[in-house]
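The structure appears below as C-alpha cells.
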Amino acid sequence: MSVIRLPMLPGPEKIPWKAKVNGKEISKHVESNAILLDVLRDQVGTLGVKRGCDMGTCGCCSVLVNGNPKLSCLVLAQEVEDCEITTVEGLADGHHLHPIQEMFSEYGGSQCGFCTPGFLVVISSLLDENPSPNDSEIKNAIEGNLCRCTGYQQIVESVKAASELLVSGKNIDNTTDPKSNPNPGFEN
C-alpha cells in the first residue's frame with residue numbers, strides 16, 4: 001500500500017520562464033518563487049552551478065547574467081527571464097577550454113574543485129572587462145568567492161597566466177591558434 005501525502009499549504013503557482021543559457025534558448029515552467037540556482041541545476045541540468053551556503057557568502061553558485069557575475073542562490077529565476085545566462089559549462093568554446101579553465105588546471109587553481117565553477121565564471125568576467133588585471137584587481141574580483149583548499153595564490157597565478165594567453169593570442173602550447181587542443185596528446 002502506498003502512502004499519499006497531501007501538502008499542508010498550496011504550492012506556488014507555476015509560471016513560464018525562458019532565458020538563453022549557455023547559448024541555448026531554454027523554456028520551462030518554474031515555480032513563481034524558484035531561485036535561479038534551482039532552475040539551472042534541477043530543470044536546465046547545468047550541474048556546474050554549485051549549491052554552497054545558500055546565503056550569498058561563498059560564491060560557489062556564481063553565474064553570468066548578461067555578462068555580469070551574479071549569485072544564483074540570491075536571484076529569483078523570474079528576475080532574469082529573457083536574459084543571457086552563462087554557467088561554467090558555457091565558458092568553453094565547444095571542446096576548446098576557456099584560457100582560465102586551462103590555467104586553473106595547469107597552475108593548480110583548484111584542489112577539491114567544489115568552488116572552482118564559481119571562481120571560473122567570475123574570473124572570465126574579469127578577463128572580459130580587463131584582459132591584463134594586476135594582483136589587486138584579481139583579488140578584488142574574487143573576494144566574494146571562498147576556497148578552503150588553495151590559499152588563493154594558485155588562483156591568482158592561474159588568472160595571470162590566463163591573462164598572458166589572452167593578451168598574446170596564443171594557446172597553452174605556445175602556438176598562435178588561440179583555442180586549446182581538445183585532444184591533448186593526439187595528432188589531428
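In the C-alpha cells, chains take letters A, B, ... by order of appearance, with residues numbered from 1 within each chain and ligands from 1 in the order shown.
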Long-range neighbours of segment 65-73 of chain A as an NGL selection string, 8 Å cut-off, only C-alpha atoms, 2 positions minimum in chain: :A and (35-38 or 51 or 54-56 or 59 or 61-63 or 75-76 or 80 or 83-86 or 121-122 or 125)
Output the selection as a CSV table (one decimal), in the first residue's frame - N, CA and C atoms for each residue.
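Wrote it out as result22.csv, contents follow:
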chain,number,residue,atom,x,y,z
A,35,ILE,N,14.4,29.9,-7.1
A,35,ILE,CA,15.6,30.7,-7.3
A,35,ILE,C,16.4,30.1,-8.5
A,36,LEU,N,17.2,31.0,-9.1
A,36,LEU,CA,17.9,30.7,-10.3
A,36,LEU,C,18.7,29.4,-10.1
A,37,LEU,N,19.4,29.3,-9.0
A,37,LEU,CA,20.2,28.1,-8.8
A,37,LEU,C,19.5,26.8,-9.0
A,38,ASP,N,18.3,26.7,-8.4
A,38,ASP,CA,17.5,25.5,-8.5
A,38,ASP,C,17.0,25.3,-9.9
A,51,ARG,N,25.6,24.4,-5.2
A,51,ARG,CA,24.9,24.9,-4.0
A,51,ARG,C,25.9,24.9,-2.9
A,54,ASP,N,23.9,28.9,0.3
A,54,ASP,CA,22.5,29.4,0.2
A,54,ASP,C,22.3,30.7,0.8
A,55,MET,N,23.3,31.5,1.1
A,55,MET,CA,23.2,32.8,1.7
A,55,MET,C,24.0,33.9,1.0
A,56,GLY,N,24.6,33.6,-0.2
A,56,GLY,CA,25.3,34.6,-0.9
A,56,GLY,C,26.7,34.9,-0.4
A,59,GLY,N,30.0,32.2,-3.1
A,59,GLY,CA,30.3,32.3,-4.5
A,59,GLY,C,30.3,31.1,-5.3
A,61,CYS,N,27.9,29.4,-6.4
A,61,CYS,CA,26.8,29.4,-7.3
A,61,CYS,C,26.9,30.5,-8.4
A,62,SER,N,28.0,31.2,-8.5
A,62,SER,CA,28.1,32.3,-9.4
A,62,SER,C,27.9,31.9,-10.8
A,63,VAL,N,27.1,32.8,-11.5
A,63,VAL,CA,26.9,32.7,-12.9
A,63,VAL,C,27.0,34.1,-13.5
A,75,VAL,N,19.0,35.1,-6.5
A,75,VAL,CA,18.3,35.7,-7.6
A,75,VAL,C,17.1,34.8,-7.9
A,76,LEU,N,15.9,35.4,-8.0
A,76,LEU,CA,14.7,34.7,-8.4
A,76,LEU,C,14.8,34.4,-9.9
A,80,VAL,N,15.4,37.1,-13.9
A,80,VAL,CA,16.4,37.1,-15.0
A,80,VAL,C,15.8,36.4,-16.3
A,83,CYS,N,17.0,36.8,-20.1
A,83,CYS,CA,18.4,37.2,-20.0
A,83,CYS,C,19.3,36.2,-20.6
A,84,GLU,N,20.6,36.5,-20.8
A,84,GLU,CA,21.6,35.6,-21.3
A,84,GLU,C,22.3,35.1,-20.0
A,85,ILE,N,22.3,33.8,-19.7
A,85,ILE,CA,22.9,33.3,-18.5
A,85,ILE,C,24.1,32.4,-19.0
A,86,THR,N,25.2,32.6,-18.4
A,86,THR,CA,26.4,31.7,-18.6
A,86,THR,C,26.8,31.0,-17.4
A,121,VAL,N,33.8,31.4,-13.4
A,121,VAL,CA,32.8,32.3,-14.0
A,121,VAL,C,33.1,33.8,-13.7
A,122,VAL,N,33.5,34.0,-12.4
A,122,VAL,CA,33.8,35.4,-12.0
A,122,VAL,C,35.1,35.9,-12.7
A,125,SER,N,34.6,36.8,-16.4
A,125,SER,CA,34.0,38.2,-16.5
A,125,SER,C,35.1,39.3,-16.3
In segment 6-186 of chain A, DSSP alpha helix (DSSP H) residues written as a PyMOL selection string: chain A and resi 36-38+99-107+116-129+135-141+153-168
For the selection just defined, write its residues with N, CA and C atoms to a file, as a short mmCIF file (atom, residue, chain, number, x, y, z; two decimals), in the first residue's frame.
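What follows is the written file again-v3.cif:
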data_model
loop_
_atom_site.label_atom_id
_atom_site.label_comp_id
_atom_site.auth_asym_id
_atom_site.auth_seq_id
_atom_site.Cartn_x
_atom_site.Cartn_y
_atom_site.Cartn_z
N LEU A 36 17.16 31.01 -9.09
CA LEU A 36 17.86 30.68 -10.32
C LEU A 36 18.73 29.44 -10.15
N LEU A 37 19.39 29.30 -9.02
CA LEU A 37 20.23 28.13 -8.75
C LEU A 37 19.46 26.84 -8.96
N ASP A 38 18.26 26.75 -8.39
CA ASP A 38 17.47 25.52 -8.51
C ASP A 38 17.01 25.28 -9.94
N PRO A 99 40.68 30.04 -21.62
CA PRO A 99 42.02 30.11 -21.04
C PRO A 99 42.05 29.98 -19.51
N ILE A 100 41.05 30.52 -18.82
CA ILE A 100 41.09 30.40 -17.36
C ILE A 100 40.87 28.96 -16.93
N GLN A 101 40.08 28.20 -17.68
CA GLN A 101 39.91 26.78 -17.37
C GLN A 101 41.22 26.03 -17.58
N GLU A 102 41.91 26.33 -18.67
CA GLU A 102 43.21 25.70 -18.92
C GLU A 102 44.21 26.02 -17.82
N MET A 103 44.28 27.27 -17.43
CA MET A 103 45.29 27.69 -16.47
C MET A 103 44.97 27.23 -15.05
N PHE A 104 43.70 27.09 -14.72
CA PHE A 104 43.37 26.52 -13.41
C PHE A 104 43.92 25.11 -13.32
N SER A 105 43.84 24.38 -14.40
CA SER A 105 44.38 23.02 -14.43
C SER A 105 45.90 23.04 -14.37
N GLU A 106 46.50 23.90 -15.16
CA GLU A 106 47.96 23.98 -15.26
C GLU A 106 48.62 24.46 -13.96
N TYR A 107 48.02 25.44 -13.30
CA TYR A 107 48.64 26.07 -12.13
C TYR A 107 48.06 25.60 -10.79
N THR A 116 35.44 25.77 -7.66
CA THR A 116 36.04 26.13 -8.94
C THR A 116 35.07 26.74 -9.94
N PRO A 117 33.88 26.18 -10.16
CA PRO A 117 32.98 26.79 -11.15
C PRO A 117 32.68 28.26 -10.86
N GLY A 118 32.45 28.59 -9.60
CA GLY A 118 32.17 29.99 -9.25
C GLY A 118 33.35 30.89 -9.55
N PHE A 119 34.55 30.43 -9.19
CA PHE A 119 35.75 31.21 -9.49
C PHE A 119 35.91 31.41 -11.00
N LEU A 120 35.77 30.34 -11.77
CA LEU A 120 35.98 30.42 -13.22
C LEU A 120 35.04 31.41 -13.87
N VAL A 121 33.78 31.40 -13.45
CA VAL A 121 32.79 32.31 -14.03
C VAL A 121 33.14 33.76 -13.69
N VAL A 122 33.45 34.03 -12.44
CA VAL A 122 33.78 35.39 -12.02
C VAL A 122 35.06 35.88 -12.70
N ILE A 123 36.06 35.01 -12.79
CA ILE A 123 37.33 35.40 -13.40
C ILE A 123 37.16 35.62 -14.91
N SER A 124 36.32 34.81 -15.56
CA SER A 124 36.10 35.03 -17.00
C SER A 124 35.51 36.41 -17.24
N SER A 125 34.62 36.84 -16.35
CA SER A 125 34.04 38.18 -16.47
C SER A 125 35.11 39.25 -16.29
N LEU A 126 35.98 39.05 -15.29
CA LEU A 126 37.08 40.00 -15.07
C LEU A 126 37.95 40.10 -16.32
N LEU A 127 38.33 38.95 -16.89
CA LEU A 127 39.22 38.95 -18.06
C LEU A 127 38.53 39.52 -19.30
N ASP A 128 37.21 39.40 -19.39
CA ASP A 128 36.49 40.04 -20.49
C ASP A 128 36.56 41.56 -20.38
N GLU A 129 36.43 42.07 -19.16
CA GLU A 129 36.48 43.51 -18.92
C GLU A 129 37.90 44.05 -18.93
N ASP A 135 47.51 42.19 -9.62
CA ASP A 135 47.18 41.33 -8.47
C ASP A 135 46.02 41.90 -7.66
N SER A 136 46.04 43.19 -7.44
CA SER A 136 44.99 43.83 -6.65
C SER A 136 43.62 43.69 -7.33
N GLU A 137 43.58 43.89 -8.64
CA GLU A 137 42.32 43.76 -9.38
C GLU A 137 41.81 42.32 -9.37
N ILE A 138 42.72 41.37 -9.45
CA ILE A 138 42.35 39.95 -9.40
C ILE A 138 41.75 39.64 -8.03
N LYS A 139 42.44 40.03 -6.98
CA LYS A 139 41.97 39.75 -5.62
C LYS A 139 40.63 40.44 -5.35
N ASN A 140 40.46 41.64 -5.86
CA ASN A 140 39.19 42.34 -5.70
C ASN A 140 38.06 41.59 -6.42
N ALA A 141 38.33 41.07 -7.61
CA ALA A 141 37.31 40.37 -8.38
C ALA A 141 36.86 39.08 -7.71
N GLN A 153 46.76 31.72 -3.73
CA GLN A 153 47.90 32.10 -4.55
C GLN A 153 47.87 31.40 -5.91
N GLN A 154 47.53 30.11 -5.92
CA GLN A 154 47.45 29.39 -7.19
C GLN A 154 46.34 29.96 -8.08
N ILE A 155 45.30 30.47 -7.46
CA ILE A 155 44.21 31.07 -8.24
C ILE A 155 44.70 32.35 -8.90
N VAL A 156 45.39 33.20 -8.14
CA VAL A 156 45.93 34.44 -8.70
C VAL A 156 46.92 34.12 -9.82
N GLU A 157 47.78 33.14 -9.61
CA GLU A 157 48.74 32.75 -10.65
C GLU A 157 48.03 32.22 -11.89
N SER A 158 46.95 31.49 -11.70
CA SER A 158 46.16 30.99 -12.83
C SER A 158 45.58 32.14 -13.64
N VAL A 159 45.07 33.15 -12.94
CA VAL A 159 44.49 34.31 -13.63
C VAL A 159 45.56 35.05 -14.42
N LYS A 160 46.72 35.24 -13.82
CA LYS A 160 47.81 35.94 -14.51
C LYS A 160 48.24 35.18 -15.77
N ALA A 161 48.32 33.86 -15.67
CA ALA A 161 48.72 33.05 -16.82
C ALA A 161 47.64 33.09 -17.90
N ALA A 162 46.37 33.04 -17.50
CA ALA A 162 45.28 33.14 -18.48
C ALA A 162 45.29 34.50 -19.15
N SER A 163 45.59 35.53 -18.38
CA SER A 163 45.69 36.88 -18.93
C SER A 163 46.77 36.94 -20.00
N GLU A 164 47.93 36.34 -19.71
CA GLU A 164 49.02 36.33 -20.68
C GLU A 164 48.61 35.62 -21.97
N LEU A 165 47.87 34.52 -21.84
CA LEU A 165 47.39 33.81 -23.03
C LEU A 165 46.45 34.68 -23.85
N LEU A 166 45.51 35.32 -23.16
CA LEU A 166 44.53 36.15 -23.86
C LEU A 166 45.20 37.32 -24.57
N VAL A 167 46.14 37.97 -23.89
CA VAL A 167 46.81 39.15 -24.45
C VAL A 167 47.72 38.75 -25.61
N SER A 168 48.40 37.60 -25.48
CA SER A 168 49.34 37.17 -26.54
C SER A 168 48.62 36.58 -27.75
#
Contacts of Lys18 of chain A within 6 Å, only C-alpha atoms, excl. fewer than 2 positions in-chain, as a VMD selection string: chain A and resid 26 to 27 81 to 82
Write the selection just made, keeping N, CA and C atoms, as a CSV table (one decimal), in the first residue's frame?
chain,number,residue,atom,x,y,z
A,26,ILE,N,16.1,28.3,-23.7
A,26,ILE,CA,15.5,27.4,-22.7
A,26,ILE,C,14.1,28.0,-22.3
A,27,SER,N,13.1,27.1,-22.4
A,27,SER,CA,11.8,27.4,-21.9
A,27,SER,C,11.3,26.4,-20.9
A,81,GLU,N,14.5,36.5,-16.3
A,81,GLU,CA,13.8,35.9,-17.5
A,81,GLU,C,14.2,36.8,-18.7
A,82,ASP,N,14.4,36.1,-19.9
A,82,ASP,CA,14.8,36.7,-21.1
A,82,ASP,C,16.2,37.2,-21.1
Counting only C-alpha atoms, the option among A:Gly90, A:Lys50, A:Glu79, A:Arg41 closest to Asn22 of chain A: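 Checking each of A:Gly90, A:Lys50, A:Glu79, A:Arg41 against Asn22 of chain A, counting only C-alpha atoms, the winner is A:Gly90.
Straight-line separation from atom CA of Gln78 of chain A to atom CA of Lys20 of chain A: 13.1 Å.
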